[in-house]
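J.: One structure is given below, represented as structure tokens, and several questions about it will come after.
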Amino acid sequence: MTKEELKIKITEIHPEAIIDESGEWLNVSVEAAAFRSFAEQVRMDELDLDYVFCLTCVDWKTHLTMVYHLSSTTHRHNIVIKVKLDRNKPEIETICDIWRTAELHEREVFEMYGVVFLHHPDLRLLILPDDFVGYPMRKDFEDPINMIKL
Amino acid sequence: MFEEIGTTEEGDLIINVGPQHPATHGVLHLVLTLNGEIIKKVEPHLGYIHRSIEKMCESLSYRQFIYVTSRMDYLSAHINNHACALIVEKGLNVEVPQRAQYIRVIMDELTRIASHELWWSAMSMDLGAFTPYFLAFREREKINEIMEETCGARLTMNYMVPGGVMTELHPDFQEKVKSFIVDFKKTLHEYDELITGNVIFQNRMKGVGYISKEDVITYGCTGPVARASGLRSDIRKIAPYDVYDKVEFDEIIETGGDCFARYQVRIKEMSQSIRIIEQLIDNIPEGDFQAKTKAVLKLPKGEFYQRVETARGELGVYIVSEGAAQPYKIKFRSPGFSNLSALDHMVRGHKIGDFIAAMGTLDLVIPDIDR
């Protein structure tokens, strides 16, 4: 599907979605409450976005943004879904039952950014030691002993 | 984590594989739940070699951050550098000279061969065959020498930079690559004669660690793992970069989905890499090896994404730029991380010996998973 066709289809599924066409791929911003049902719908039907090739979070100091890069292995079109989250209480529904690859990626985002994935089957620290305190990838994280910044 | 060793209420045995274990090829720690000899669950514990490369990159300039990426998947160092160079060029709209593009693709393919050779030797050793190790390392050494002459390094090359490549090729480069190709074509079928047809080897590989095409997609597996289950996933074909759209090569697809299919994909990929190099090596155009770029690179405000095909699968680099000389946020989508997530699915219900075979054919590089 071309960008235009994707845009029409996405507006059909979720009219409130804010679509940005400036990037390489279509950027779709949805609110956290509607994210789960939106994700379920783009996995199905004509869009058939069956492959999450990147899942990460960006700390904007005022808020967090979850960024999902989705692709279709049959139609070869890609979209980017963005969900804005409250920095003090970041919570979002998990997608790891729709795309299994998200399970480990969400665990990584959970420990690095502190985003809580609701209904995730096994949300524990993956990379960090069990007793670690803090969210290392957040912009305000400082560790005077093990310096990461130069 | 080590206190987890013991038995569960149902009487299943919990054991640790790694972090120091010969079959994990690095510091990977897997906790296995076993019922007798049957695997019920595999749980990865990561982070033993986590260096927080993504955080580090946030304070490095667009010229500096490339050096760190050689340390991720150290067997595909060139290809990691290539991805980073490409994303900066994409952001700055830099036209890369043809000569540099040719050199980069040749280097990428040499890296792929070297990486697959190391995989072949290490995987065979996991399964108890010792000779392949020496055989493949002999050939790999030749590639390392070629790299060393031009790049000055044998493992962490840092040869590709935004705008092209770091330095001119060594005068002997073409000649040595050509003589390597001649030698390698002879040895490649030695590999087959030694291992591929071996009955013991086939019994340990066929039907083991099966993963279907649907599961490959949902687990986000890429590279030879995906192609062995029949998924077309080669970024060199889907979204060609540099001169990959000008060369002819086949995307190797197998439909077996088991360890043996993954084995065959990699073996056949080596001859495709040779095919690519043969098409380019005599035709490297004259000209500059690097485009002129500013001393301080600043990517415009926005988001950039670049995908490349490393020896292990799809490497993605995601950069969020605020217009500064350093990236605001960087994410490396490493192929190993996603491939590892499918391991549990692959080996459930298999015996512990098959687990070693499945892990061998995943070709995991731990610094790539941990980053």
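Residue numbers start at 1 in each chain; chains themselves are named A, B, ... in the order of the structure tokens; ligands are numbered from 1 in the order shown.
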Set the distance at 8 Å and use only C-alpha atoms: which residues neighbour Ile281 of chain B once local chain neighbours fewer than 3 positions away are removed? I'd like the list as a CSV table (one decimal) with N, CA and C atoms, in the first residue's frame.
T.:
chain,number,residue,atom,x,y,z
B,106,ILE,N,31.9,-4.8,-1.0
B,106,ILE,CA,32.9,-5.9,-1.0
B,106,ILE,C,33.2,-6.2,0.4
B,174,GLN,N,42.8,-5.9,-4.3
B,174,GLN,CA,42.1,-6.7,-5.3
B,174,GLN,C,42.7,-8.0,-5.6
B,177,VAL,N,42.0,-10.4,-2.7
B,177,VAL,CA,40.6,-10.9,-2.7
B,177,VAL,C,40.4,-11.9,-3.8
B,178,LYS,N,41.0,-11.7,-4.9
B,178,LYS,CA,40.8,-12.6,-6.0
B,178,LYS,C,41.4,-14.0,-5.7
B,277,ILE,N,31.0,-10.5,-4.7
B,277,ILE,CA,32.3,-9.9,-4.7
B,277,ILE,C,32.9,-10.0,-6.1
B,278,GLU,N,32.7,-11.2,-6.8
B,278,GLU,CA,33.2,-11.4,-8.1
B,278,GLU,C,32.7,-10.3,-9.1
B,284,ILE,N,35.8,-1.8,-9.6
B,284,ILE,CA,35.7,-0.7,-8.6
B,284,ILE,C,36.1,0.6,-9.4
J.: Set the distance at 9 Å and use only C-alpha atoms: which residues neighbour segment 137-152 of chain B once local chain neighbours fewer than 4 positions away are removed? I'd like the list as a list in words.
T.: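 Using only C-alpha atoms, the neighbours found are Met107, Leu110, Thr111, Ile113, Ala114, Ser115, Glu117, Leu118, Ser121, Pro132, Tyr133, Met157, Asn158, Tyr159, Met166, Thr167, Glu168, Leu169, His170, Pro171, Asp172, Phe173, Lys176, Val177, Phe180, Asp183, Phe184 and Thr187 of chain B.
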J.: Counting only C-alpha atoms, which residues of chain A fall within 10 Å of chain B, and what is the closest atom pair for each with its distance in Å at one decimal, ordered by chain and rising number, as a Markdown table?
T.:
| residue | atom | partner | partner_atom | distance |
| --- | --- | --- | --- | --- |
| A:Ser22 | CA | B:Gly302 | CA | 9.2 |
| A:Gly23 | CA | B:Glu303 | CA | 7.2 |
| A:Glu24 | CA | B:Phe304 | CA | 7.7 |
| A:Trp25 | CA | B:Tyr305 | CA | 9.5 |
| A:Asp50 | CA | B:Thr218 | CA | 6.7 |
| A:Tyr51 | CA | B:Ile217 | CA | 5.7 |
| A:Val52 | CA | B:Gly220 | CA | 6.5 |
| A:Phe53 | CA | B:Gly220 | CA | 6.5 |
| A:Cys54 | CA | B:Arg333 | CA | 6.0 |
| A:Leu55 | CA | B:Arg333 | CA | 8.2 |
| A:Thr56 | CA | B:Lys331 | CA | 7.3 |
| A:Cys57 | CA | B:Lys331 | CA | 9.0 |
| A:Val58 | CA | B:Lys329 | CA | 6.8 |
| A:Asp59 | CA | B:Lys329 | CA | 8.2 |
| A:Trp60 | CA | B:Tyr328 | CA | 9.3 |
| A:His69 | CA | B:Tyr305 | CA | 9.7 |
| A:Ser72 | CA | B:Ile217 | CA | 9.5 |
| A:Thr73 | CA | B:Ile217 | CA | 7.8 |
| A:Thr74 | CA | B:Arg232 | CA | 9.3 |
| A:Arg76 | CA | B:Ile238 | CA | 8.2 |
| A:Cys96 | CA | B:Thr218 | CA | 9.3 |
| A:Asp97 | CA | B:Thr218 | CA | 9.5 |
| A:Ile98 | CA | B:Thr218 | CA | 7.8 |
| A:Trp99 | CA | B:Thr218 | CA | 5.0 |
| A:Arg100 | CA | B:Tyr219 | CA | 5.0 |
| A:Thr101 | CA | B:Tyr219 | CA | 4.1 |
| A:Ala102 | CA | B:Tyr219 | CA | 7.9 |
| A:Glu103 | CA | B:Ser341 | CA | 8.1 |
| A:Leu104 | CA | B:Ser341 | CA | 6.8 |
| A:His105 | CA | B:Ser338 | CA | 8.2 |
| A:Leu125 | CA | B:His45 | CA | 8.8 |
| A:Leu126 | CA | B:Leu46 | CA | 5.9 |
| A:Ile127 | CA | B:Gly47 | CA | 4.1 |
| A:Leu128 | CA | B:Gly47 | CA | 6.1 |
| A:Pro129 | CA | B:Gly47 | CA | 7.8 |
| A:Asp130 | CA | B:Met1 | CA | 8.5 |
| A:Pro136 | CA | B:Lys55 | CA | 8.1 |
| A:Met137 | CA | B:Lys55 | CA | 6.3 |
| A:Arg138 | CA | B:Lys55 | CA | 9.1 |
| A:Lys139 | CA | B:Lys55 | CA | 9.2 |
| A:Met147 | CA | B:Met56 | CA | 9.3 |
| A:Ile148 | CA | B:Met56 | CA | 5.6 |
| A:Lys149 | CA | B:Met56 | CA | 5.8 |
| A:Leu150 | CA | B:Ser59 | CA | 6.2 |
J.: From the set B:Arg266, B:Ser271, B:Ala23, B:Tyr62, which residue has the shortest atom-to-atom contact distance to Gly128 of chain B, counting only C-alpha atoms?
T.: B:Ala23
J.: Considering only C-alpha atoms, return as a PyMOL selection string whatever protein or nucleic-acid residues lie within 8 Å of Ile253 of chain B, sequence-local ones (same chain, fewer than 5 positions apart) excluded.
T.: chain B and resi 227-232+265
J.: Can you write just those residues out, C-alpha atoms, as a PDB file, in the first residue's frame?
T.:
ATOM      1  CA  ARG B 227      14.960 -17.469   5.491  1.00  0.00           C
ATOM      2  CA  ALA B 228      15.292 -21.088   6.616  1.00  0.00           C
ATOM      3  CA  SER B 229      11.570 -21.016   7.410  1.00  0.00           C
ATOM      4  CA  GLY B 230      10.664 -19.629   4.022  1.00  0.00           C
ATOM      5  CA  LEU B 231      10.334 -15.932   4.841  1.00  0.00           C
ATOM      6  CA  ARG B 232      11.815 -13.474   2.378  1.00  0.00           C
ATOM      7  CA  VAL B 265      21.005 -21.233   4.231  1.00  0.00           C
TER       8      VAL B 265
END
J.: Compile a residue-level contact table for segment 24-133 of chain A against segment 7-18 of chain A at a cut-off of 12 Å, reporting for every qualifying residue the shortest atom pair and its distance in Å to one decimal, with only C-alpha atoms counted, rows ordered by chain and ascending number, as a Markdown table.
T.:
| residue | atom | partner | partner_atom | distance |
| --- | --- | --- | --- | --- |
| A:Trp25 | CA | A:Lys7 | CA | 10.9 |
| A:Leu26 | CA | A:Lys7 | CA | 7.7 |
| A:Asn27 | CA | A:Ile18 | CA | 8.1 |
| A:Val28 | CA | A:Ile18 | CA | 5.7 |
| A:Ser29 | CA | A:Ile18 | CA | 5.1 |
| A:Val30 | CA | A:Ala17 | CA | 5.2 |
| A:Glu31 | CA | A:Ala17 | CA | 7.9 |
| A:Ala32 | CA | A:Ala17 | CA | 11.2 |
| A:Ala33 | CA | A:Glu16 | CA | 11.9 |
| A:Ala34 | CA | A:His14 | CA | 8.7 |
| A:Phe35 | CA | A:His14 | CA | 9.9 |
| A:Arg36 | CA | A:His14 | CA | 11.7 |
| A:Ser37 | CA | A:His14 | CA | 9.4 |
| A:Phe38 | CA | A:His14 | CA | 7.0 |
| A:Ala39 | CA | A:Ile13 | CA | 10.3 |
| A:Glu40 | CA | A:Ile13 | CA | 10.6 |
| A:Gln41 | CA | A:Ile13 | CA | 7.3 |
| A:Val42 | CA | A:Ile10 | CA | 8.1 |
| A:Arg43 | CA | A:Ile13 | CA | 11.6 |
| A:Met44 | CA | A:Ile13 | CA | 11.1 |
| A:Asp45 | CA | A:Lys9 | CA | 10.4 |
| A:Glu46 | CA | A:Lys9 | CA | 8.6 |
| A:Leu47 | CA | A:Lys9 | CA | 7.9 |
| A:Asp48 | CA | A:Lys9 | CA | 11.6 |
| A:Leu49 | CA | A:Ile10 | CA | 11.9 |
| A:His77 | CA | A:Lys7 | CA | 11.8 |
| A:Asn78 | CA | A:Lys7 | CA | 11.6 |
| A:Ile79 | CA | A:Lys7 | CA | 9.9 |
| A:Val80 | CA | A:Ile18 | CA | 11.7 |
| A:Ile81 | CA | A:Ala17 | CA | 9.8 |
| A:Lys82 | CA | A:Ile18 | CA | 9.6 |
| A:Val83 | CA | A:Ala17 | CA | 10.4 |
| A:Lys84 | CA | A:Ile18 | CA | 11.8 |
J.: Excluding same-chain residues fewer than 3 positions from Gly360 of chain B, what lies within 8 Å of it counting only C-alpha atoms, as an MDAnalysis selection string?
T.: chainID B and resid 23 119 122:123 126 356:357 363:364
J.: Would you put the residues from that selection into a file with N, CA and C atoms, as a CSV table (one decimal), in the first residue's frame?
T.:
chain,number,residue,atom,x,y,z
B,23,ALA,N,29.1,-23.6,25.1
B,23,ALA,CA,28.1,-23.7,24.0
B,23,ALA,C,27.4,-22.3,23.8
B,119,TRP,N,30.8,-19.1,12.4
B,119,TRP,CA,29.6,-19.8,12.9
B,119,TRP,C,29.7,-21.3,12.6
B,122,ALA,N,32.3,-23.0,14.9
B,122,ALA,CA,31.9,-23.1,16.3
B,122,ALA,C,30.7,-24.0,16.5
B,123,MET,N,29.7,-24.0,15.5
B,123,MET,CA,28.6,-24.8,15.6
B,123,MET,C,29.0,-26.3,15.5
B,126,ASP,N,30.4,-27.4,18.7
B,126,ASP,CA,29.3,-27.7,19.7
B,126,ASP,C,28.7,-29.1,19.5
B,356,ILE,N,21.5,-27.6,22.3
B,356,ILE,CA,22.8,-27.1,21.8
B,356,ILE,C,22.8,-26.9,20.3
B,357,ALA,N,22.2,-27.8,19.6
B,357,ALA,CA,22.1,-27.7,18.1
B,357,ALA,C,21.3,-26.5,17.7
B,363,ASP,N,23.2,-18.8,15.8
B,363,ASP,CA,24.4,-18.0,15.6
B,363,ASP,C,24.3,-16.7,16.4
B,364,LEU,N,24.3,-16.9,17.8
B,364,LEU,CA,24.1,-15.8,18.7
B,364,LEU,C,25.5,-15.1,18.9
J.: As number ranges by chain, which residues of chain A does DSSP assign to strand (DSSP E or B)?
T.: A: 18-20, 26-30, 51-59, 63-71, 78-86, 91-93, 116-118
